[in-house]
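Q: The following file, entry.txt, comprises compact mmCIF, C-alpha atoms:
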# COMPACT_ATOMS: atom_id res chain seq x y z
CA MET A 1 -6.55 191.66 29.76
CA VAL A 2 -2.93 190.52 30.18
CA GLN A 3 -2.35 188.61 33.41
CA LYS A 4 0.34 189.96 35.69
CA ASN A 5 3.00 188.03 37.57
CA VAL A 6 2.92 185.11 35.15
CA THR A 7 6.37 183.58 35.17
CA CYS A 8 8.39 182.39 32.20
CA TRP A 9 9.94 179.75 34.45
CA ARG A 10 8.90 176.39 33.06
CA GLY A 11 9.38 174.31 36.17
CA PHE A 12 8.66 173.93 39.85
CA VAL A 13 10.54 173.37 43.09
CA PHE A 14 9.40 170.87 45.72
CA LEU A 15 9.73 172.25 49.22
CA GLY A 16 8.30 169.06 50.67
CA PHE A 17 9.73 168.43 54.10
CA SER A 18 12.30 171.24 53.92
CA SER A 19 10.86 172.83 57.07
CA PHE A 20 11.62 169.72 59.10
CA GLY A 21 15.32 170.59 59.39
CA GLU A 22 17.50 167.91 60.97
CA VAL A 23 14.58 165.47 61.12
CA GLN A 24 14.75 165.13 57.30
CA LEU A 25 17.52 162.51 57.46
CA LEU A 26 15.53 160.51 60.00
CA LEU A 27 12.46 160.73 57.74
CA PHE A 28 14.61 159.69 54.78
CA ALA A 29 15.75 156.53 56.61
CA LEU A 30 12.19 155.75 57.75
CA PHE A 31 10.54 156.27 54.35
CA LEU A 32 13.33 154.43 52.53
CA SER A 33 12.87 151.42 54.82
CA LEU A 34 9.09 151.47 54.38
CA TYR A 35 9.44 151.84 50.62
CA LEU A 36 11.85 148.92 50.30
CA ILE A 37 9.48 146.75 52.37
CA THR A 38 6.52 147.90 50.24
CA LEU A 39 8.33 147.25 46.97
CA THR A 40 9.62 143.85 48.08
CA SER A 41 6.31 142.64 49.53
CA ASN A 42 4.20 143.72 46.54
CA VAL A 43 6.62 142.19 44.03
CA PHE A 44 6.79 139.03 46.14
CA ILE A 45 2.98 138.73 46.15
CA ILE A 46 2.90 139.12 42.35
CA VAL A 47 5.57 136.43 41.91
CA VAL A 48 3.96 134.01 44.39
CA ILE A 49 0.52 134.35 42.78
CA ARG A 50 2.10 133.82 39.38
CA LEU A 51 4.00 130.69 40.44
CA ASP A 52 1.47 128.99 42.75
CA SER A 53 -1.21 127.22 40.69
CA HIS A 54 -3.57 127.18 43.71
CA LEU A 55 -3.78 130.97 43.46
CA HIS A 56 -4.70 131.07 39.76
CA THR A 57 -8.22 132.29 40.49
CA PRO A 58 -9.93 135.62 39.71
CA MET A 59 -9.59 136.87 43.30
CA TYR A 60 -5.81 136.50 43.31
CA LEU A 61 -5.47 137.64 39.71
CA PHE A 62 -7.06 140.95 40.70
CA LEU A 63 -4.89 141.10 43.84
CA SER A 64 -1.73 140.68 41.75
CA PHE A 65 -2.78 143.52 39.45
CA LEU A 66 -3.61 145.70 42.46
CA SER A 67 -0.10 145.04 43.80
CA PHE A 68 1.33 145.87 40.36
CA SER A 69 -0.67 149.10 40.21
CA GLU A 70 0.41 150.11 43.72
CA THR A 71 4.04 149.37 42.83
CA CYS A 72 3.89 151.57 39.72
CA TYR A 73 2.15 154.31 41.72
CA THR A 74 4.89 154.42 44.34
CA LEU A 75 7.68 154.28 41.73
CA GLY A 76 6.49 157.58 40.28
CA ILE A 77 6.45 159.39 43.64
CA ILE A 78 8.59 157.96 46.43
CA PRO A 79 12.07 157.91 44.76
CA LYS A 80 11.67 161.63 43.95
CA MET A 81 10.46 162.28 47.50
CA LEU A 82 13.48 160.46 48.96
CA CYS A 83 15.83 162.56 46.82
CA GLY A 84 14.13 165.68 48.15
CA LEU A 85 14.58 164.53 51.73
CA ALA A 86 18.26 163.80 51.09
CA VAL A 87 19.17 167.09 49.38
CA GLY A 88 16.44 169.48 50.56
CA SER A 89 14.35 171.40 48.03
CA GLN A 90 14.32 169.86 44.57
CA ALA A 91 13.48 171.16 41.10
CA ILE A 92 11.29 169.43 38.55
CA SER A 93 10.61 170.55 35.00
CA TYR A 94 7.18 171.63 33.80
CA ALA A 95 6.93 168.52 31.59
CA GLY A 96 8.26 166.32 34.40
CA CYS A 97 5.63 167.66 36.80
CA ALA A 98 2.87 167.04 34.26
CA ALA A 99 4.16 163.50 33.65
CA GLN A 100 4.34 162.76 37.37
CA MET A 101 0.81 164.04 37.90
CA PHE A 102 -0.48 162.02 34.95
CA PHE A 103 1.03 158.73 36.08
CA SER A 104 0.26 159.16 39.79
CA ALA A 105 -3.37 160.14 39.04
CA SER A 106 -3.72 157.31 36.51
CA TRP A 107 -2.49 154.63 38.88
CA ALA A 108 -4.56 156.05 41.76
CA CYS A 109 -7.72 155.91 39.58
CA THR A 110 -6.78 152.41 38.41
CA ASN A 111 -6.57 151.31 42.05
CA CYS A 112 -10.13 152.56 42.62
CA PHE A 113 -11.46 150.64 39.63
CA LEU A 114 -9.56 147.48 40.58
CA LEU A 115 -10.99 147.65 44.10
CA ALA A 116 -14.48 147.93 42.57
CA VAL A 117 -13.78 144.91 40.37
CA MET A 118 -12.55 142.96 43.41
CA GLY A 119 -15.77 143.86 45.23
CA PHE A 120 -17.78 142.54 42.27
CA ASP A 121 -15.72 139.35 42.33
CA ARG A 122 -16.51 138.81 46.02
CA TYR A 123 -20.21 139.45 45.30
CA VAL A 124 -20.33 136.72 42.65
CA ALA A 125 -18.32 134.30 44.83
CA ILE A 126 -20.61 134.67 47.85
CA CYS A 127 -24.00 135.37 46.28
CA ALA A 128 -23.76 133.04 43.27
CA PRO A 129 -21.12 130.43 44.18
CA LEU A 130 -22.50 127.75 41.81
CA HIS A 131 -22.08 130.07 38.81
CA TYR A 132 -18.80 131.64 39.92
CA ALA A 133 -16.43 129.52 37.81
CA SER A 134 -18.45 129.93 34.63
CA PHE A 135 -19.26 133.61 35.10
CA MET A 136 -15.84 134.85 36.27
CA ASN A 137 -14.09 133.20 33.34
CA PRO A 138 -10.59 134.24 32.15
CA THR A 139 -12.02 136.34 29.30
CA LEU A 140 -14.23 138.44 31.59
CA CYS A 141 -11.43 138.81 34.14
CA CYS A 142 -9.02 140.10 31.49
CA GLN A 143 -11.65 142.50 30.17
CA LEU A 144 -12.28 143.88 33.67
CA VAL A 145 -8.55 144.39 34.30
CA ILE A 146 -8.00 146.08 30.92
CA ALA A 147 -11.05 148.31 31.46
CA SER A 148 -9.71 149.32 34.89
CA PHE A 149 -6.32 150.30 33.49
CA LEU A 150 -7.71 152.14 30.46
CA SER A 151 -10.26 154.02 32.57
CA GLY A 152 -7.53 154.96 35.05
CA TYR A 153 -5.34 156.41 32.30
CA LEU A 154 -8.24 158.35 30.75
CA PHE A 155 -9.19 159.97 34.06
CA GLY A 156 -5.53 160.62 34.89
CA LEU A 157 -5.09 162.35 31.53
CA GLY A 158 -8.23 164.42 32.13
CA MET A 159 -7.04 165.62 35.55
CA THR A 160 -3.60 166.51 34.16
CA LEU A 161 -5.04 168.48 31.24
CA VAL A 162 -7.39 170.41 33.53
CA ILE A 163 -4.44 171.54 35.68
CA PHE A 164 -1.82 172.20 33.02
CA CYS A 165 -4.04 174.28 30.76
CA LEU A 166 -3.73 177.00 33.43
CA SER A 167 -1.12 179.75 33.75
CA PHE A 168 1.09 179.71 36.82
CA CYS A 169 2.10 182.73 38.87
CA SER A 170 5.56 183.94 39.84
CA SER A 171 5.72 181.54 42.76
CA HIS A 172 6.79 178.13 41.50
CA GLU A 173 7.43 176.55 44.89
CA ILE A 174 5.23 173.52 45.53
CA GLN A 175 4.54 173.01 49.23
CA HIS A 176 4.52 169.27 48.72
CA PHE A 177 6.79 166.35 47.79
CA PHE A 178 5.20 165.50 44.44
CA CYS A 179 3.00 167.08 41.75
CA ASP A 180 -0.40 166.35 43.22
CA THR A 181 -3.40 168.28 41.94
CA PRO A 182 -4.24 170.45 45.03
CA PRO A 183 -0.74 171.94 45.59
CA VAL A 184 -0.12 172.57 41.88
CA LEU A 185 -3.59 174.08 41.45
CA SER A 186 -2.87 176.47 44.34
CA LEU A 187 -0.07 178.05 42.26
CA ALA A 188 -2.33 178.89 39.31
CA CYS A 189 -3.13 182.49 38.41
CA GLY A 190 -6.52 184.07 37.92
CA ASP A 191 -9.89 182.43 38.42
CA THR A 192 -9.47 178.68 38.87
CA ALA A 193 -13.11 177.96 39.71
CA LEU A 194 -13.73 176.11 36.45
CA SER A 195 -10.62 173.97 36.91
CA GLU A 196 -11.59 173.21 40.51
CA LEU A 197 -15.01 172.13 39.28
CA GLY A 198 -13.43 169.94 36.62
CA ILE A 199 -11.15 168.20 39.14
CA LEU A 200 -14.07 167.78 41.54
CA ILE A 201 -16.27 166.20 38.84
CA LEU A 202 -13.52 163.82 37.70
CA SER A 203 -12.74 162.87 41.30
CA LEU A 204 -16.43 162.34 42.07
CA VAL A 205 -16.85 160.07 39.06
CA VAL A 206 -13.83 157.96 40.00
CA LEU A 207 -14.31 157.81 43.77
CA LEU A 208 -18.08 157.87 44.19
CA VAL A 209 -19.03 155.67 41.24
CA SER A 210 -16.51 152.98 42.18
CA PHE A 211 -17.37 153.30 45.89
CA ILE A 212 -21.12 153.08 45.19
CA PHE A 213 -20.44 149.98 43.12
CA ILE A 214 -18.51 148.48 46.04
CA THR A 215 -21.24 149.48 48.51
CA ILE A 216 -23.94 147.79 46.40
CA SER A 217 -21.79 144.64 46.15
CA TYR A 218 -21.27 144.54 49.92
CA THR A 219 -24.94 145.19 50.63
CA TYR A 220 -25.84 142.02 48.74
CA ILE A 221 -22.90 140.18 50.32
CA LEU A 222 -23.98 141.14 53.84
CA ALA A 223 -27.59 140.17 53.16
CA ASN A 224 -26.43 136.82 51.83
CA ILE A 225 -24.08 136.19 54.77
CA LEU A 226 -26.84 136.93 57.29
CA ARG A 227 -28.96 134.22 55.67
CA ILE A 228 -26.29 131.57 56.32
CA PRO A 229 -27.62 129.45 59.23
CA SER A 230 -24.36 128.50 60.97
CA ALA A 231 -22.05 130.98 62.70
CA LYS A 232 -19.05 129.12 61.29
CA GLY A 233 -20.39 129.52 57.76
CA ARG A 234 -21.01 133.24 58.25
CA LYS A 235 -17.50 133.72 59.63
CA LYS A 236 -15.94 131.85 56.71
CA ALA A 237 -17.92 133.84 54.15
CA PHE A 238 -17.07 137.16 55.77
CA SER A 239 -13.36 136.28 56.04
CA THR A 240 -13.13 135.98 52.24
CA CYS A 241 -13.92 139.70 51.81
CA ALA A 242 -12.63 141.19 55.09
CA SER A 243 -9.18 141.97 53.64
CA HIS A 244 -10.64 143.74 50.62
CA PHE A 245 -13.08 145.72 52.78
CA THR A 246 -10.23 146.89 55.05
CA VAL A 247 -8.17 148.13 52.09
CA VAL A 248 -11.23 149.90 50.62
CA ILE A 249 -11.85 151.88 53.82
CA ILE A 250 -8.22 153.04 54.04
CA HIS A 251 -7.90 153.86 50.35
CA TYR A 252 -11.16 155.75 49.91
CA GLY A 253 -10.87 157.55 53.25
CA CYS A 254 -7.56 159.19 52.32
CA ALA A 255 -8.46 159.86 48.67
CA SER A 256 -11.82 161.43 49.53
CA PHE A 257 -10.24 163.78 52.05
CA ILE A 258 -7.68 165.04 49.51
CA TYR A 259 -9.74 165.35 46.33
CA LEU A 260 -13.38 165.89 47.34
CA ARG A 261 -12.95 169.35 48.85
CA PRO A 262 -12.54 172.94 47.62
CA LYS A 263 -9.19 174.62 46.98
CA ALA A 264 -9.81 177.05 49.84
CA SER A 265 -9.44 174.29 52.43
CA TYR A 266 -6.00 173.25 51.15
CA SER A 267 -3.43 173.08 53.97
CA PRO A 268 0.16 172.20 52.89
CA GLU A 269 1.32 170.73 56.21
CA ARG A 270 -1.82 168.70 56.87
CA ASP A 271 -2.11 167.48 53.30
CA GLN A 272 1.50 166.32 53.24
CA LEU A 273 0.81 164.09 56.23
CA ILE A 274 -2.30 162.68 54.53
CA ALA A 275 -0.32 162.23 51.31
CA VAL A 276 2.33 160.25 53.18
CA THR A 277 -0.44 157.92 54.32
CA TYR A 278 -1.72 157.07 50.83
CA THR A 279 1.66 157.11 49.07
CA VAL A 280 3.80 155.29 51.64
CA VAL A 281 1.59 153.57 54.21
CA THR A 282 -1.41 152.36 52.14
CA PRO A 283 0.67 150.49 49.50
CA LEU A 284 2.43 148.75 52.40
CA LEU A 285 -0.86 147.86 54.10
CA ASN A 286 -2.21 146.01 51.05
CA PRO A 287 0.23 143.07 51.21
CA ILE A 288 0.19 143.09 55.01
CA VAL A 289 -3.60 142.93 55.22
CA TYR A 290 -3.92 140.24 52.56
CA CYS A 291 -1.08 138.16 54.01
CA LEU A 292 -2.30 138.35 57.59
CA ARG A 293 -5.97 137.64 56.85
CA ASN A 294 -5.73 135.22 53.93
CA GLN A 295 -4.80 131.62 54.67
CA ALA A 296 -4.22 130.72 51.02
CA VAL A 297 -1.71 133.54 50.55
CA GLN A 298 0.01 132.63 53.82
CA THR A 299 0.36 129.01 52.69
CA ALA A 300 1.70 130.05 49.29
CA LEU A 301 4.23 132.40 50.87
CA LYS A 302 5.31 129.69 53.32
CA ASN A 303 5.76 127.17 50.50
CA ALA A 304 7.73 129.70 48.44
CA PHE A 305 9.96 130.53 51.39
CA GLN A 306 10.57 126.87 52.19
CA GLY A 307 11.25 126.16 48.52
CA SER A 308 13.85 128.94 48.36
CA LEU A 309 15.56 127.56 51.50
CA LEU A 310 15.63 124.04 50.06
CA GLY A 311 16.99 125.43 46.79
CA LYS A 312 19.83 127.13 48.64
CA GLY A 313 20.47 123.99 50.66
Would you mind writing the file's structure down as structure tokens?
A:
Amino acid sequence: MVQKNVTCWRGFVFLGFSSFGEVQLLLFALFLSLYLITLTSNVFIIVVIRLDSHLHTPMYLFLSFLSFSETCYTLGIIPKMLCGLAVGSQAISYAGCAAQMFFSASWACTNCFLLAVMGFDRYVAICAPLHYASFMNPTLCCQLVIASFLSGYLFGLGMTLVIFCLSFCSSHEIQHFFCDTPPVLSLACGDTALSELGILILSLVVLLVSFIFITISYTYILANILRIPSAKGRKKAFSTCASHFTVVIIHYGCASFIYLRPKASYSPERDQLIAVTYTVVTPLLNPIVYCLRNQAVQTALKNAFQGSLLGKG
């Protein structure tokens, strides 16, 4: 049977924050400021970790790649969102939408896998400190990073193919500010149950498997910390993973709400607010959390800042 109302238009239009009226310019200034801070702070962390020999350890190697992944993730979404806020509704081609979905999903999945790797790193550091240097060697660290990136791209490709094998109806207006899976899926014609199931399965594999891995790591970490006799020792051990744990809660909380639910519960206005959290706020929180709670990073940043002042002087 031939489907009706299938459009020949090969593109979409972001409505995004078009309903906000005069507030759009205020949102543009706010999000632009936050984005510039996010971009600067993440790049600065990458550079500082690269230049400071004291931070050439697995923990900070993984942190630098997490900052890199977050930076790439925001580059594919926020500039387009800012253009939409400046000019109102904005068109994107069919291929451009697919590319944006692929890269945003890939980097989001990569972040999940990197957070799982960082949890494993903290487990080895706290539960097997005597074997940490030999076990978390440069070869293994590189393999874990490469595996995280490759897995992220494979899952991102899978999610994109599941969505863009569908036909889209006459409405090509996306009630969102980027090509995320729920709003694009809501425009598809016919029965999308199989596609919904495919997205759910892929999301479950990425989110739950990595989160379960993190949970197991922290279960052993907590058990080990509780066995430390002194309160000072327990506090020191916990402080080494507190930053990572904070980022995990924020990241998985937002991602689970968006992707681990049926299409029927999709709400454009509510989901845009949640999307702002994990596309604008969360990438900014990563450097803030790690800088505020990590003495080694604070010292490295202070030395870099003082060095730049002396260089100018």
Q: So how many Å separate CA of Leu32 in chain A and CA of Ile77 in chain A, to one decimal?
A: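 That distance, rounded to one decimal, is 12.3 Å.
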Q: Measuring atom to atom with all atoms listed in the file, identify which of A:Tyr35, A:Phe44, A:Phe68, A:Trp107 is nearest to Val281 in chain A.
A: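 Closest residue, counting all atoms listed in the file: A:Tyr35.
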Q: So, counting all atoms listed in the file, which residue among A:Met81, A:Ala133, A:Gln272, A:Val209 is closest to Pro182 in chain A?
A: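 Nearest to Pro182 in chain A: A:Gln272.
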Q: Between A:Val87, A:Ile92, A:Ala147, A:Leu157, which residue has the minimum interatomic distance to Ser106 in chain A, considering only C-alpha atoms?
A: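 Answer, going by the shortest atom-to-atom distance: A:Leu157.
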Q: Tell me, in Å to one decimal, how far CA of Ser104 in chain A is from CA of Cys179 in chain A.
A: 8.6 Å
Q: Considering all atoms listed in the file, state which residue in the set A:Phe113, A:Tyr123, A:Phe168, A:Phe102 is at the smallest distance from Val206 in chain A.
A: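 Comparing A:Phe113, A:Tyr123, A:Phe168, A:Phe102 against Val206 in chain A, the winner is A:Phe113.
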Q: Could you tell me how far CA of Ile288 in chain A lies from CA of Ala125 in chain A, in Å and to one decimal?
A: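 Pair CA of Ile288 in chain A / CA of Ala125 in chain A returns 22.9 Å.
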Q: Near Phe28 in chain A, counting only C-alpha atoms, which residues have an atom at most 9 Å away, once you skip same-chain residues fewer than 5 positions from it, shown as a list in words?
A: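 Here the qualifying residues turn out to be Val23, Ser33, Met81, Leu82, Cys83, Gly84, Leu85 and Ala86 of chain A.
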Q: For His172 in chain A, which residue among A:Leu61, A:Leu140, A:Ala91, A:Leu114 is the nearest when counting all atoms listed in the file?
A: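 Counting all atoms listed in the file, the residue closest to His172 in chain A is A:Ala91.
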Q: So that I can check the surroundings of range 222-237 of chain A, please list as a ChimeraX atom specification every protein, DNA and RNA residue that reaches within 10 Å of it, counting only C-alpha atoms and ignoring chain neighbours fewer than 5 positions away.
A: /A:122-123,125-128,216-217,242
Q: Please determine, counting all atoms listed in the file, which residue among A:Cys109, A:Leu75, A:Leu63, A:Leu197 has the shortest atom-to-atom distance to His251 in chain A.
A: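 When distances to His251 in chain A are compared using all atoms listed in the file, the smallest one comes from A:Cys109.
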Q: If we count all atoms listed in the file, what is near range 151-153 of chain A at a cut-off of 12 Å, once residues fewer than 2 positions away on the same chain are taken out, given as a VMD selection string?
A: chain A and resid 69 73 99 101 to 114 143 to 149 155 to 160 202 to 203 205 to 207 210
Q: Those same residues - C-alpha atoms - I'd like them written as a compact mmCIF listing (two decimals), in the coordinates of the input.
A:
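Writing done, so here's out-v2.txt:
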# COMPACT_ATOMS: atom_id res chain seq x y z
CA SER A 69 -0.67 149.10 40.21
CA TYR A 73 2.15 154.31 41.72
CA ALA A 99 4.16 163.50 33.65
CA MET A 101 0.81 164.04 37.90
CA PHE A 102 -0.48 162.02 34.95
CA PHE A 103 1.03 158.73 36.08
CA SER A 104 0.26 159.16 39.79
CA ALA A 105 -3.37 160.14 39.04
CA SER A 106 -3.72 157.31 36.51
CA TRP A 107 -2.49 154.63 38.88
CA ALA A 108 -4.56 156.05 41.76
CA CYS A 109 -7.72 155.91 39.58
CA THR A 110 -6.78 152.41 38.41
CA ASN A 111 -6.57 151.31 42.05
CA CYS A 112 -10.13 152.56 42.62
CA PHE A 113 -11.46 150.64 39.63
CA LEU A 114 -9.56 147.48 40.58
CA GLN A 143 -11.65 142.50 30.17
CA LEU A 144 -12.28 143.88 33.67
CA VAL A 145 -8.55 144.39 34.30
CA ILE A 146 -8.00 146.08 30.92
CA ALA A 147 -11.05 148.31 31.46
CA SER A 148 -9.71 149.32 34.89
CA PHE A 149 -6.32 150.30 33.49
CA PHE A 155 -9.19 159.97 34.06
CA GLY A 156 -5.53 160.62 34.89
CA LEU A 157 -5.09 162.35 31.53
CA GLY A 158 -8.23 164.42 32.13
CA MET A 159 -7.04 165.62 35.55
CA THR A 160 -3.60 166.51 34.16
CA LEU A 202 -13.52 163.82 37.70
CA SER A 203 -12.74 162.87 41.30
CA VAL A 205 -16.85 160.07 39.06
CA VAL A 206 -13.83 157.96 40.00
CA LEU A 207 -14.31 157.81 43.77
CA SER A 210 -16.51 152.98 42.18
Q: Which residues are near Val124 in chain A? Cut-off 9 Å, all atoms listed in the file, ignore same chain within fewer than 3 positions. Put them as a list in words.
A: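 Result of the neighbour search: Gly119, Phe120, Asp121, Cys127, Ala128, Pro129, His131, Tyr132, Phe135, Met136, Ser217 and Ile221 of chain A.
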Q: For the selection you just gave me, I'd like the residues written to a file as a compact mmCIF listing (two decimals), in the frame of the given file, keeping C-alpha atoms.
A:
# COMPACT_ATOMS: atom_id res chain seq x y z
CA GLY A 119 -15.77 143.86 45.23
CA PHE A 120 -17.78 142.54 42.27
CA ASP A 121 -15.72 139.35 42.33
CA CYS A 127 -24.00 135.37 46.28
CA ALA A 128 -23.76 133.04 43.27
CA PRO A 129 -21.12 130.43 44.18
CA HIS A 131 -22.08 130.07 38.81
CA TYR A 132 -18.80 131.64 39.92
CA PHE A 135 -19.26 133.61 35.10
CA MET A 136 -15.84 134.85 36.27
CA SER A 217 -21.79 144.64 46.15
CA ILE A 221 -22.90 140.18 50.32
Q: Write out as a PDB file with C-alpha atoms, keeping the file's coordinate frame which residues come within 9 Å of His244 in chain A when counting all atoms listed in the file, dropping same-chain ones fewer than 2 positions away.
A:
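Output file result-v6.pdb is given in full below:
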ATOM      1  CA  LEU A 115     -10.990 147.650  44.100  1.00  0.00           C
ATOM      2  CA  MET A 118     -12.550 142.960  43.410  1.00  0.00           C
ATOM      3  CA  GLY A 119     -15.770 143.860  45.230  1.00  0.00           C
ATOM      4  CA  ARG A 122     -16.510 138.810  46.020  1.00  0.00           C
ATOM      5  CA  THR A 240     -13.130 135.980  52.240  1.00  0.00           C
ATOM      6  CA  CYS A 241     -13.920 139.700  51.810  1.00  0.00           C
ATOM      7  CA  ALA A 242     -12.630 141.190  55.090  1.00  0.00           C
ATOM      8  CA  THR A 246     -10.230 146.890  55.050  1.00  0.00           C
ATOM      9  CA  VAL A 247      -8.170 148.130  52.090  1.00  0.00           C
ATOM     10  CA  VAL A 248     -11.230 149.900  50.620  1.00  0.00           C
ATOM     11  CA  ILE A 249     -11.850 151.880  53.820  1.00  0.00           C
ATOM     12  CA  ASN A 286      -2.210 146.010  51.050  1.00  0.00           C
ATOM     13  CA  VAL A 289      -3.600 142.930  55.220  1.00  0.00           C
ATOM     14  CA  TYR A 290      -3.920 140.240  52.560  1.00  0.00           C
TER      15      TYR A 290
END
Q: Output range 133-140 of chain A with all heavy atoms present, as a PDB file, in the coordinates of the input.
A:
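Okay, result-v1.pdb is ready:
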ATOM      1  N   ALA A 133     -17.470 129.968  38.746  1.00  0.00           N
ATOM      2  CA  ALA A 133     -16.430 129.520  37.810  1.00  0.00           C
ATOM      3  C   ALA A 133     -16.783 129.845  36.360  1.00  0.00           C
ATOM      4  O   ALA A 133     -15.921 130.249  35.579  1.00  0.00           O
ATOM      5  CB  ALA A 133     -16.187 128.020  37.978  1.00  0.00           C
ATOM      6  N   SER A 134     -18.056 129.690  36.017  1.00  0.00           N
ATOM      7  CA  SER A 134     -18.450 129.930  34.630  1.00  0.00           C
ATOM      8  C   SER A 134     -18.594 131.428  34.335  1.00  0.00           C
ATOM      9  O   SER A 134     -18.273 131.879  33.230  1.00  0.00           O
ATOM     10  CB  SER A 134     -19.778 129.225  34.328  1.00  0.00           C
ATOM     11  OG  SER A 134     -20.815 129.680  35.188  1.00  0.00           O
ATOM     12  N   PHE A 135     -19.053 132.179  35.332  1.00  0.00           N
ATOM     13  CA  PHE A 135     -19.260 133.610  35.100  1.00  0.00           C
ATOM     14  C   PHE A 135     -17.948 134.383  35.114  1.00  0.00           C
ATOM     15  O   PHE A 135     -17.671 135.171  34.216  1.00  0.00           O
ATOM     16  CB  PHE A 135     -20.227 134.177  36.147  1.00  0.00           C
ATOM     17  CG  PHE A 135     -20.643 135.591  35.875  1.00  0.00           C
ATOM     18  CD1 PHE A 135     -21.619 135.875  34.935  1.00  0.00           C
ATOM     19  CD2 PHE A 135     -20.045 136.658  36.551  1.00  0.00           C
ATOM     20  CE1 PHE A 135     -22.004 137.180  34.668  1.00  0.00           C
ATOM     21  CE2 PHE A 135     -20.418 137.957  36.291  1.00  0.00           C
ATOM     22  CZ  PHE A 135     -21.397 138.221  35.343  1.00  0.00           C
ATOM     23  N   MET A 136     -17.135 134.150  36.160  1.00  0.00           N
ATOM     24  CA  MET A 136     -15.840 134.850  36.270  1.00  0.00           C
ATOM     25  C   MET A 136     -14.787 134.068  35.485  1.00  0.00           C
ATOM     26  O   MET A 136     -13.782 133.607  36.025  1.00  0.00           O
ATOM     27  CB  MET A 136     -15.440 134.989  37.735  1.00  0.00           C
ATOM     28  CG  MET A 136     -16.385 135.842  38.556  1.00  0.00           C
ATOM     29  SD  MET A 136     -16.534 137.566  37.982  1.00  0.00           S
ATOM     30  CE  MET A 136     -14.895 138.173  38.278  1.00  0.00           C
ATOM     31  N   ASN A 137     -15.022 133.942  34.202  1.00  0.00           N
ATOM     32  CA  ASN A 137     -14.090 133.200  33.340  1.00  0.00           C
ATOM     33  C   ASN A 137     -12.893 134.072  32.986  1.00  0.00           C
ATOM     34  O   ASN A 137     -12.918 135.295  33.176  1.00  0.00           O
ATOM     35  CB  ASN A 137     -14.819 132.726  32.070  1.00  0.00           C
ATOM     36  CG  ASN A 137     -15.450 133.885  31.317  1.00  0.00           C
ATOM     37  OD1 ASN A 137     -14.769 134.688  30.697  1.00  0.00           O
ATOM     38  ND2 ASN A 137     -16.791 133.980  31.405  1.00  0.00           N
ATOM     39  N   PRO A 138     -11.803 133.472  32.462  1.00  0.00           N
ATOM     40  CA  PRO A 138     -10.590 134.240  32.150  1.00  0.00           C
ATOM     41  C   PRO A 138     -10.838 135.418  31.210  1.00  0.00           C
ATOM     42  O   PRO A 138     -10.216 136.474  31.362  1.00  0.00           O
ATOM     43  CB  PRO A 138      -9.677 133.194  31.495  1.00  0.00           C
ATOM     44  CG  PRO A 138     -10.115 131.896  32.099  1.00  0.00           C
ATOM     45  CD  PRO A 138     -11.593 132.022  32.263  1.00  0.00           C
ATOM     46  N   THR A 139     -11.746 135.251  30.246  1.00  0.00           N
ATOM     47  CA  THR A 139     -12.020 136.340  29.300  1.00  0.00           C
ATOM     48  C   THR A 139     -12.599 137.556  30.000  1.00  0.00           C
ATOM     49  O   THR A 139     -12.153 138.695  29.795  1.00  0.00           O
ATOM     50  CB  THR A 139     -12.990 135.863  28.196  1.00  0.00           C
ATOM     51  OG1 THR A 139     -12.416 134.750  27.508  1.00  0.00           O
ATOM     52  CG2 THR A 139     -13.269 136.982  27.210  1.00  0.00           C
ATOM     53  N   LEU A 140     -13.613 137.326  30.855  1.00  0.00           N
ATOM     54  CA  LEU A 140     -14.230 138.440  31.590  1.00  0.00           C
ATOM     55  C   LEU A 140     -13.224 139.082  32.532  1.00  0.00           C
ATOM     56  O   LEU A 140     -13.175 140.314  32.643  1.00  0.00           O
ATOM     57  CB  LEU A 140     -15.445 137.939  32.367  1.00  0.00           C
ATOM     58  CG  LEU A 140     -16.155 139.000  33.223  1.00  0.00           C
ATOM     59  CD1 LEU A 140     -16.700 140.129  32.350  1.00  0.00           C
ATOM     60  CD2 LEU A 140     -17.285 138.378  34.048  1.00  0.00           C
TER      61      LEU A 140
END
